[in-house]
Structures are given as structure tokens and as C-alpha cells.
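Participant: Below is the file data-v6.txt, with compact mmCIF, C-alpha atoms.
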```txt
# COMPACT_ATOMS: atom_id res chain seq x y z
CA MET Y 10 13.29 18.86 -34.36
CA ALA Y 11 14.78 20.93 -31.58
CA LYS Y 12 18.38 22.07 -31.97
CA ILE Y 13 19.37 22.87 -28.43
CA THR Y 14 22.40 24.82 -27.33
CA MET Y 15 23.10 26.31 -23.92
CA GLU Y 16 25.21 29.24 -22.95
CA ARG Y 17 26.05 30.67 -19.57
CA HIS Y 18 23.71 33.48 -18.58
CA ILE Y 19 26.15 36.36 -18.36
CA GLY Y 20 25.10 39.96 -17.94
CA ILE Y 21 26.16 43.33 -16.65
CA ASN Y 22 25.18 44.00 -13.06
CA VAL Y 23 24.24 47.32 -11.50
CA ASN Y 24 27.90 47.96 -10.68
CA GLY Y 25 28.78 47.66 -14.34
CA ASP Y 26 30.62 44.38 -13.77
CA VAL Y 27 30.23 41.23 -15.80
CA GLN Y 28 28.24 38.76 -13.72
CA ASP Y 29 27.30 35.12 -14.14
CA VAL Y 30 23.63 34.77 -13.15
CA GLY Y 31 24.07 31.11 -12.16
CA GLN Y 32 22.01 29.52 -14.87
CA TRP Y 33 22.20 28.51 -18.51
CA ARG Y 34 20.23 30.18 -21.23
CA ILE Y 35 18.65 27.52 -23.44
CA PHE Y 36 18.30 28.20 -27.14
CA ASP Y 37 16.40 26.24 -29.76
CA GLY Y 38 18.25 27.38 -32.85
CA PRO Y 39 18.44 31.17 -32.43
CA THR Y 40 15.42 31.40 -30.11
CA LEU Y 41 15.72 31.73 -26.35
CA ILE Y 42 13.28 29.18 -24.90
CA GLY Y 43 14.17 29.03 -21.22
CA TYR Y 44 16.68 28.84 -18.42
CA LEU Y 45 18.35 26.02 -16.50
CA PRO Y 46 20.03 26.65 -13.11
CA TYR Y 47 23.56 25.30 -12.76
CA ALA Y 48 22.65 23.19 -9.72
CA GLU Y 49 22.38 19.46 -10.21
CA ASP Y 50 18.87 18.05 -10.84
CA SER Y 51 17.56 21.45 -11.83
CA GLN Y 52 14.31 21.98 -13.62
CA ILE Y 53 14.02 23.78 -16.93
CA LEU Y 54 12.33 27.16 -16.55
CA PRO Y 55 10.48 27.66 -19.82
CA ILE Y 56 9.54 30.97 -21.36
CA VAL Y 57 7.17 31.78 -24.18
CA GLY Y 58 8.51 29.99 -27.26
CA PHE Y 59 9.27 26.72 -25.48
CA ASN Y 60 7.89 23.91 -27.64
CA TYR Y 61 6.24 21.50 -25.20
CA ASP Y 62 5.66 18.97 -27.96
CA GLU Y 63 9.44 18.50 -27.99
CA THR Y 64 9.96 18.46 -24.23
CA ASP Y 65 11.60 15.02 -24.16
CA GLU Y 66 13.94 15.94 -26.99
CA ILE Y 67 14.84 19.25 -25.33
CA VAL Y 68 15.54 17.54 -21.99
CA THR Y 69 17.70 14.94 -23.74
CA GLN Y 70 19.68 17.57 -25.57
CA CYS Y 71 20.11 19.68 -22.43
CA GLU Y 72 21.45 16.63 -20.62
CA ALA Y 73 23.82 16.00 -23.54
CA GLU Y 74 24.99 19.60 -23.35
CA ARG Y 75 25.63 19.29 -19.62
CA ALA Y 76 27.48 16.01 -20.15
CA ARG Y 77 29.58 17.63 -22.86
CA LEU Y 78 30.52 20.33 -20.36
CA GLY Y 79 31.49 17.68 -17.82
CA LEU Y 80 28.58 18.38 -15.48
CA PRO Y 81 26.13 15.98 -13.82
CA SER Y 82 23.66 15.38 -16.56
CA LYS Y 83 20.23 15.02 -14.99
CA VAL Y 84 17.76 17.66 -16.11
CA ILE Y 85 14.14 17.83 -15.02
CA ALA Y 86 11.41 18.67 -17.52
CA PRO Y 87 9.50 21.89 -16.97
CA MET Y 88 6.14 21.96 -15.30
CA THR Y 89 3.38 21.87 -17.84
CA THR Y 90 1.42 24.72 -16.32
CA LEU Y 91 2.61 27.25 -18.87
CA ARG Y 92 1.71 24.80 -21.60
CA ASP Y 93 -1.78 24.50 -20.14
CA VAL Y 94 -2.08 28.26 -20.05
CA LEU Y 95 -0.98 28.63 -23.66
CA ALA Y 96 -3.37 25.87 -24.74
CA ALA Y 97 -6.23 27.59 -22.92
CA LEU Y 98 -5.41 30.87 -24.64
CA GLU Y 99 -5.37 29.14 -28.04
CA GLU Y 100 -8.78 27.64 -27.32
CA LEU Y 101 -10.06 31.06 -26.32
CA LYS Y 102 -8.75 32.58 -29.55
CA GLU Y 103 -10.42 29.85 -31.59
CA GLU Y 104 -13.70 30.39 -29.78
CA GLU Y 105 -13.48 34.13 -30.39
CA SER Y 106 -12.75 33.64 -34.08
CA GLU Y 107 -15.71 31.27 -34.33
CA ASP Y 108 -17.90 33.85 -32.64
CA ASP Y 109 -16.68 36.50 -35.07
CA SER Y 110 -17.49 34.33 -38.05
CA ASP Y 111 -21.04 33.73 -36.83
CA MET I 7 17.27 57.99 -42.52
CA PRO I 8 17.12 55.46 -39.69
CA ALA I 9 14.96 52.36 -40.14
CA LEU I 10 11.50 52.68 -38.68
CA THR I 11 11.35 50.67 -35.47
CA VAL I 12 8.14 49.58 -33.83
CA PRO I 13 8.53 49.21 -30.06
CA ASP I 14 7.53 45.93 -28.46
CA THR I 15 4.65 45.49 -26.06
CA GLY I 16 4.80 43.21 -23.04
CA LEU I 17 3.22 40.33 -24.95
CA GLY I 18 5.31 37.22 -24.36
CA GLY I 19 7.13 38.58 -21.33
CA THR I 20 8.01 35.99 -18.71
CA LEU I 21 8.95 35.72 -15.06
CA SER I 22 11.13 32.67 -14.35
CA ALA I 23 11.94 31.72 -10.76
CA SER I 24 12.19 28.17 -9.45
CA GLY I 25 9.16 27.34 -7.35
CA ILE I 26 7.88 30.84 -6.72
CA ALA I 27 6.69 32.22 -10.06
CA PRO I 28 2.90 32.29 -10.31
CA THR I 29 1.15 31.19 -13.47
CA LEU I 30 -1.36 33.22 -15.49
CA ILE I 31 0.51 36.45 -14.96
CA LYS I 32 -1.39 39.57 -15.89
CA ARG I 33 1.32 42.13 -15.24
CA ILE I 34 4.97 42.24 -14.24
CA GLY I 35 5.66 45.55 -12.60
CA ALA I 36 8.51 47.88 -13.44
CA VAL I 37 11.80 47.38 -11.61
CA ALA I 38 13.40 50.60 -10.42
CA ILE I 39 17.11 50.71 -9.68
CA GLU I 40 17.53 53.72 -7.45
CA THR I 41 19.38 55.26 -4.59
CA ASP I 42 18.43 57.83 -2.01
CA ALA I 43 19.51 61.42 -2.30
CA VAL I 44 21.45 62.85 0.66
CA GLU I 45 21.39 66.56 1.30
CA PHE I 46 24.61 68.31 2.31
CA THR I 47 23.59 71.95 2.09
CA ASP I 48 25.46 74.38 4.32
CA LEU I 49 25.04 78.07 5.05
CA SER I 50 27.23 79.15 2.15
CA HIS I 51 25.09 77.53 -0.50
CA THR I 52 22.64 79.63 -2.47
CA GLY I 53 19.99 79.00 -5.06
CA MET I 54 19.22 75.36 -4.40
CA LYS I 55 20.00 72.65 -1.89
CA ARG I 56 23.01 70.48 -2.63
CA MET I 57 22.42 66.77 -3.01
CA ARG I 58 24.55 63.70 -3.58
CA PRO I 59 23.68 60.04 -4.05
CA SER I 60 23.67 57.83 -0.98
CA ASP I 61 26.31 55.14 -0.52
CA LEU I 62 24.23 52.08 -1.35
CA ARG I 63 21.44 51.48 -3.80
CA ASN I 64 18.00 50.52 -2.56
CA ASN I 65 16.96 46.95 -3.25
CA PRO I 66 14.27 46.93 -5.91
CA THR I 67 10.99 45.12 -5.67
CA VAL I 68 8.80 43.83 -8.45
CA GLU I 69 5.02 43.48 -8.30
CA ILE I 70 3.35 40.57 -10.03
CA ASP I 71 -0.41 40.57 -10.70
CA PHE I 72 -1.84 37.17 -11.57
CA TYR I 73 -5.19 35.51 -12.09
CA TRP I 74 -6.27 33.50 -9.08
CA VAL I 75 -7.41 30.31 -10.75
CA GLY I 76 -7.75 27.32 -8.47
CA ALA I 77 -7.21 24.76 -11.20
CA SER I 78 -3.69 25.95 -11.85
CA VAL I 79 -2.73 26.24 -8.15
CA PRO I 80 -1.84 29.93 -8.10
CA ILE I 81 0.59 29.70 -5.21
CA THR I 82 2.52 27.02 -3.35
CA THR I 83 3.87 27.00 0.18
CA ALA I 84 7.26 28.01 -1.26
CA MET I 85 5.64 31.29 -2.25
CA ILE I 86 4.51 32.21 1.25
CA PRO I 87 6.90 34.66 2.89
CA THR I 88 8.96 33.23 5.72
CA SER I 89 11.39 34.66 8.22
CA GLU I 90 13.37 31.43 8.38
CA PRO I 91 16.84 31.30 6.89
CA TYR I 92 16.50 30.94 3.19
CA ALA I 93 18.50 30.66 0.02
CA GLY I 94 17.58 33.38 -2.44
CA VAL I 95 16.01 32.25 -5.68
CA THR I 96 17.21 33.60 -8.99
CA ALA I 97 14.36 35.42 -10.68
CA THR I 98 14.63 36.32 -14.35
CA ILE I 99 12.32 38.74 -16.12
CA THR I 100 12.54 38.21 -19.87
CA TYR I 101 11.52 41.28 -21.83
CA PRO I 102 10.11 40.42 -25.26
CA GLY I 103 12.87 41.06 -27.78
CA ALA I 104 14.75 43.15 -25.29
CA GLY I 105 16.93 41.00 -23.06
CA SER I 106 16.43 40.02 -19.47
CA LEU I 107 16.92 41.20 -15.91
CA ALA I 108 17.95 38.65 -13.29
CA GLY I 109 18.82 38.70 -9.61
CA THR I 110 18.22 36.79 -6.40
CA VAL I 111 14.92 37.43 -4.67
CA PHE I 112 12.60 36.31 -1.94
CA VAL I 113 8.84 36.56 -1.65
CA LYS I 114 8.04 39.70 0.29
CA SER I 115 4.28 39.37 0.16
CA VAL I 116 1.45 37.41 -1.37
CA THR I 117 -1.99 38.98 -1.46
CA PHE I 118 -5.02 36.77 -1.75
CA PRO I 119 -7.78 37.99 -4.04
CA GLU I 120 -10.67 40.27 -3.37
CA VAL I 121 -13.87 38.34 -3.95
CA ALA I 122 -16.86 40.00 -5.59
CA GLN I 123 -19.48 39.16 -8.14
CA GLY I 124 -18.65 40.15 -11.68
CA GLN I 125 -15.01 40.61 -10.86
CA ILE I 126 -12.10 38.39 -11.86
CA MET I 127 -10.15 37.22 -8.83
CA MET I 128 -6.60 38.54 -8.92
CA GLY I 129 -3.65 37.69 -6.70
CA LYS I 130 -0.66 39.89 -6.12
CA MET I 131 2.91 39.01 -5.20
CA VAL I 132 5.82 41.25 -4.39
CA LEU I 133 9.32 39.92 -4.95
CA GLN I 134 12.15 41.61 -3.09
CA PHE I 135 15.65 41.61 -4.60
CA ASP I 136 17.88 40.55 -1.71
CA GLY I 137 21.07 42.27 -2.88
CA VAL I 138 23.12 39.05 -2.95
CA GLY I 139 22.81 38.21 -6.64
CA LEU I 140 22.91 41.76 -7.96
CA PRO I 141 20.32 42.77 -10.55
CA THR I 142 21.99 41.87 -13.83
CA TYR I 143 20.93 42.84 -17.32
CA THR I 144 21.58 40.66 -20.34
CA ALA I 145 20.95 41.93 -23.84
CA ALA I 146 18.68 39.91 -26.14
```
Transcribe the structure of this file into C-alpha cells.

Facilitator:
Amino acid sequence: MAKITMERHIGINVNGDVQDVGQWRIFDGPTLIGYLPYAEDSQILPIVGFNYDETDEIVTQCEAERARLGLPSKVIAPMTTLRDVLAALEELKEEESEDDSD
Amino acid sequence: MPALTVPDTGLGGTLSASGIAPTLIKRIGAVAIETDAVEFTDLSHTGMKRMRPSDLRNNPTVEIDFYWVGASVPITTAMIPTSEPYAGVTATITYPGAGSLAGTVFVKSVTFPEVAQGQIMMGKMVLQFDGVGLPTYTAA
């Protein structure tokens, strides 16, 4: 079960000043799993570690987080392309391990 | 004695940018933050030329190499460079276990693949930091 929290993406810019990047960092527990731009109706930008099996739950919890912060709550699920890529890589690994065992 | 630390590889690195990040990325190039050097040598100087940094930094670019696989639609029209007015897109490079670098960018170029037998088709994209959303580093 995902345990989503969001925090503003704050960093240090090339001038050495604190800068807000304009997006949330999305964490599942302690793990960074993606980004969400501040703009309304934004789409989650997943990174490696995003659990696509829990996409609906993550979207729901991101919307709850935005609502808690008093922001328009609609959040769009990430594209599944990265998921497809990761699935293809898993299949490839399995095929390779089968080949090795032959 | 300090703890032994094993450096990370690029495995698991990610480029995030709404609508313009290609899939199946093979390599995210290095981002160089740099400025030009301006010479101000005069006749009294000896030994070596005198240099100072220029007033403004150069805007970095980042090269992205990606597999050109039709099934995953390697590029969209949003990824084709345009001279029309645009709103910069925030691009974030997440370094595995080592924070992230973000800034606003536009697509400077997209290179379609070379086609040859026995050779994987690769596309190339160059993102140009536009200097509006300054490159910003966030620790992991």
C-alpha cells in the first residue's frame, strides 16, 4: 500500500540561492517516485521506483495531498510507457536467465 | 577510517519533462555549468595572460540518446523544435542516489536515426536550458 507524501521541490540554483523548481517531489514512504508540476491538471512524471500497480492509489493520495494544501485537486496518472519499458526489460532478463540455465 | 563507499552508476537515472522526454533512454549526457574566460592582459603583465570570468554563465545543454522504437512512439510533435513563442518546460534529471538537477528547457534539436543493417536505430535529442528557470540542484 502506497504511503504518499509530497514536498515542494526546492534546490540551490547556480547563483547559490534557494529556488522553488515549480513542482512537487512525490515520495512513497522514503522513496522518491516522481514529480508533479504545481499547475492544475498536471500529470505525474514517474521515475524509476514508481509502482505502476498502485497508480490509482498514488493518484488518489496525490489528489488528497493537494486538497490538504488547498490546491485544485485533479491529478493525471502518468503515461504507462515507462511501465512498458520496465516490463520489457524484466522479460528480457527472464529470457536471458532461461538461456543461461539451458 | 572512513566507511567504504561504492559510487553509483547511472542505472535508474531518469529524465522527467512534461511532453518532451523520450522513452527508452540509453544515455543522458553530462550538464556543464560554465562561463567564458575573458582576457584582460596589458603590456605590463608578464609570465602568463590574465583572465577573468565573463559576466554571464553560458546556458547548458544536455544530450539524450534514445532507442528509436516505433511501438513506443519515440517523439511527439511537442518534441520538434519550434521558433514560435513557447513556455519553457521544467526538465529534471534524477541522479541515482545523488539528487537531481532541474531547470527550464526547450528542445534544441531532434536527430532521426541512422538506418543500417545490424545496427540498432538510435535517436538523439538536445535540450537547451533557457536561463529562465535557473539550473537548480537538490540533494537526494

Participant: Using 9 Å as the limit and counting only C-alpha atoms, can you tabulate each residue of chain I that touches chain Y, with its shortest atom-to-atom distance in Å and the two atoms involved, as a tab-separated table?

Facilitator:
```
residue	atom	partner	partner_atom	distance
I:Gly18	CA	Y:Val57	CA	5.8
I:Gly19	CA	Y:Val57	CA	7.4
I:Thr20	CA	Y:Ile56	CA	5.9
I:Leu21	CA	Y:Ile56	CA	7.9
I:Ser22	CA	Y:Leu54	CA	6.1
I:Ala23	CA	Y:Leu54	CA	7.4
I:Ser24	CA	Y:Leu54	CA	7.2
I:Thr29	CA	Y:Leu91	CA	6.8
I:Leu30	CA	Y:Val94	CA	6.8
I:Ile39	CA	Y:Val23	CA	8.1
I:Ser78	CA	Y:Thr90	CA	6.9
I:Thr96	CA	Y:Val30	CA	7.7
I:Thr98	CA	Y:Tyr44	CA	8.8
I:Thr100	CA	Y:Ile56	CA	8.0
I:Ser106	CA	Y:Gly20	CA	8.8
I:Leu107	CA	Y:Gly20	CA	8.5
I:Ala108	CA	Y:Val30	CA	6.9
I:Gly109	CA	Y:Val30	CA	7.1
I:Thr110	CA	Y:Val30	CA	8.9
I:Gly139	CA	Y:Val30	CA	7.4
I:Leu140	CA	Y:Asn22	CA	6.0
I:Pro141	CA	Y:Asn22	CA	5.6
I:Thr142	CA	Y:Asn22	CA	3.9
I:Tyr143	CA	Y:Gly20	CA	5.1
I:Thr144	CA	Y:Gly20	CA	4.3
I:Ala145	CA	Y:Gly20	CA	7.5
I:Ala146	CA	Y:Leu41	CA	8.7
```

Participant: Could you tell me which of Y:Asp108, Y:Asp50, Y:Glu99, Y:Asp37 comes closest to Y:Ile67 if we count only C-alpha atoms?

Facilitator: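 Of Y:Asp108, Y:Asp50, Y:Glu99, Y:Asp37, the one nearest Y:Ile67, counting only C-alpha atoms, is Y:Asp37.
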
Participant: Closest to Y:Glu16 among Y:Leu101, Y:Cys71, Y:Ala86, Y:Ala48, using only C-alpha atoms?

Facilitator: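 Nearest to Y:Glu16: Y:Cys71.
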
Participant: Which polymer residues have any atom within 12 Å of an atom of I:Thr15, counting only C-alpha atoms, with same-chain residues fewer than 6 positions away left out, as a list of chain:residue names?

Facilitator: I:Arg33, I:Tyr101, I:Pro102, I:Gly103, I:Ala104

Participant: Keeping only C-alpha atoms, write those residues as a short mmCIF file (atom, residue, chain, number, x, y, z; two decimals), keeping the file's coordinate frame.

Facilitator:
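Printed below is again02.cif as written:
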```cif
data_model
loop_
_atom_site.label_atom_id
_atom_site.label_comp_id
_atom_site.auth_asym_id
_atom_site.auth_seq_id
_atom_site.Cartn_x
_atom_site.Cartn_y
_atom_site.Cartn_z
CA ARG I 33 1.32 42.13 -15.24
CA TYR I 101 11.52 41.28 -21.83
CA PRO I 102 10.11 40.42 -25.26
CA GLY I 103 12.87 41.06 -27.78
CA ALA I 104 14.75 43.15 -25.29
#
```

Participant: Go ahead and compute the interatomic distance for atom CA of I:Val111 and atom CA of I:Asp136, in Å to one decimal.

Facilitator: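 Interatomic distance, atom CA of I:Val111 to atom CA of I:Asp136: 5.2 Å.
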
Participant: If we draw a sphere of 9 Å around (23.4, 23.3, -31.0), which residues have at least one atom in it when counting only C-alpha atoms? Please report them as a PyMOL selection string.

Facilitator: chain Y and resi 11-15+36-38+70+74

Participant: What does the distance between atom CA of I:Leu62 and atom CA of I:Asp42 come to in Å, to one decimal place?

Facilitator: 8.2 Å

Participant: From the options Y:Ser106, Y:Asp62, Y:Thr69, Y:Glu49, which residue's atoms come nearest to Y:Pro81, counting only C-alpha atoms?

Facilitator: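 Counting only C-alpha atoms, the residue closest to Y:Pro81 is Y:Glu49.
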
Participant: Can you pull out every residue within 12 Å of I:Asp71, counting all atoms listed in the file, but drop anything in the same chain fewer than 5 positions away, and send it as number ranges by chain?

Facilitator: I: 21, 27-36, 80, 115-119, 126-133

Participant: What does the distance from atom CA of I:Pro13 to atom CA of I:Ala38 come to in Å, to one decimal?

Facilitator: 20.3 Å

Participant: For stretch 119-134 of chain I, supply N, CA and C atoms and format the output as a PDB file, in the frame of the given file.

Facilitator:
```pdb
ATOM      1  N   PRO I 119      -6.902  37.128  -3.230  1.00  0.00           N
ATOM      2  CA  PRO I 119      -7.780  37.990  -4.040  1.00  0.00           C
ATOM      3  C   PRO I 119      -8.951  38.578  -3.276  1.00  0.00           C
ATOM      4  N   GLU I 120      -9.398  39.710  -3.795  1.00  0.00           N
ATOM      5  CA  GLU I 120     -10.670  40.270  -3.370  1.00  0.00           C
ATOM      6  C   GLU I 120     -11.758  39.465  -4.088  1.00  0.00           C
ATOM      7  N   VAL I 121     -12.830  39.202  -3.383  1.00  0.00           N
ATOM      8  CA  VAL I 121     -13.870  38.340  -3.950  1.00  0.00           C
ATOM      9  C   VAL I 121     -15.158  39.139  -4.110  1.00  0.00           C
ATOM     10  N   ALA I 122     -15.619  39.254  -5.336  1.00  0.00           N
ATOM     11  CA  ALA I 122     -16.860  40.000  -5.590  1.00  0.00           C
ATOM     12  C   ALA I 122     -17.493  39.480  -6.864  1.00  0.00           C
ATOM     13  N   GLN I 123     -18.790  39.588  -6.929  1.00  0.00           N
ATOM     14  CA  GLN I 123     -19.480  39.160  -8.140  1.00  0.00           C
ATOM     15  C   GLN I 123     -19.068  40.032  -9.319  1.00  0.00           C
ATOM     16  N   GLY I 124     -18.967  39.400 -10.466  1.00  0.00           N
ATOM     17  CA  GLY I 124     -18.650  40.150 -11.680  1.00  0.00           C
ATOM     18  C   GLY I 124     -17.239  40.668 -11.722  1.00  0.00           C
ATOM     19  N   GLN I 125     -16.380  40.103 -10.914  1.00  0.00           N
ATOM     20  CA  GLN I 125     -15.010  40.610 -10.860  1.00  0.00           C
ATOM     21  C   GLN I 125     -14.042  39.428 -10.866  1.00  0.00           C
ATOM     22  N   ILE I 126     -13.099  39.458 -11.784  1.00  0.00           N
ATOM     23  CA  ILE I 126     -12.100  38.390 -11.860  1.00  0.00           C
ATOM     24  C   ILE I 126     -11.238  38.430 -10.604  1.00  0.00           C
ATOM     25  N   MET I 127     -10.979  37.261 -10.033  1.00  0.00           N
ATOM     26  CA  MET I 127     -10.150  37.220  -8.830  1.00  0.00           C
ATOM     27  C   MET I 127      -8.668  37.329  -9.222  1.00  0.00           C
ATOM     28  N   MET I 128      -8.004  38.294  -8.618  1.00  0.00           N
ATOM     29  CA  MET I 128      -6.600  38.540  -8.920  1.00  0.00           C
ATOM     30  C   MET I 128      -5.760  38.395  -7.657  1.00  0.00           C
ATOM     31  N   GLY I 129      -4.616  37.761  -7.786  1.00  0.00           N
ATOM     32  CA  GLY I 129      -3.650  37.690  -6.700  1.00  0.00           C
ATOM     33  C   GLY I 129      -2.512  38.654  -6.983  1.00  0.00           C
ATOM     34  N   LYS I 130      -1.785  38.978  -5.945  1.00  0.00           N
ATOM     35  CA  LYS I 130      -0.660  39.890  -6.120  1.00  0.00           C
ATOM     36  C   LYS I 130       0.521  39.365  -5.320  1.00  0.00           C
ATOM     37  N   MET I 131       1.689  39.435  -5.890  1.00  0.00           N
ATOM     38  CA  MET I 131       2.910  39.010  -5.200  1.00  0.00           C
ATOM     39  C   MET I 131       3.947  40.107  -5.346  1.00  0.00           C
ATOM     40  N   VAL I 132       4.713  40.306  -4.303  1.00  0.00           N
ATOM     41  CA  VAL I 132       5.820  41.250  -4.390  1.00  0.00           C
ATOM     42  C   VAL I 132       7.112  40.483  -4.135  1.00  0.00           C
ATOM     43  N   LEU I 133       8.003  40.537  -5.100  1.00  0.00           N
ATOM     44  CA  LEU I 133       9.320  39.920  -4.950  1.00  0.00           C
ATOM     45  C   LEU I 133      10.319  41.005  -4.560  1.00  0.00           C
ATOM     46  N   GLN I 134      11.147  40.668  -3.593  1.00  0.00           N
ATOM     47  CA  GLN I 134      12.150  41.610  -3.090  1.00  0.00           C
ATOM     48  C   GLN I 134      13.532  41.132  -3.521  1.00  0.00           C
TER      49      GLN I 134
END
```
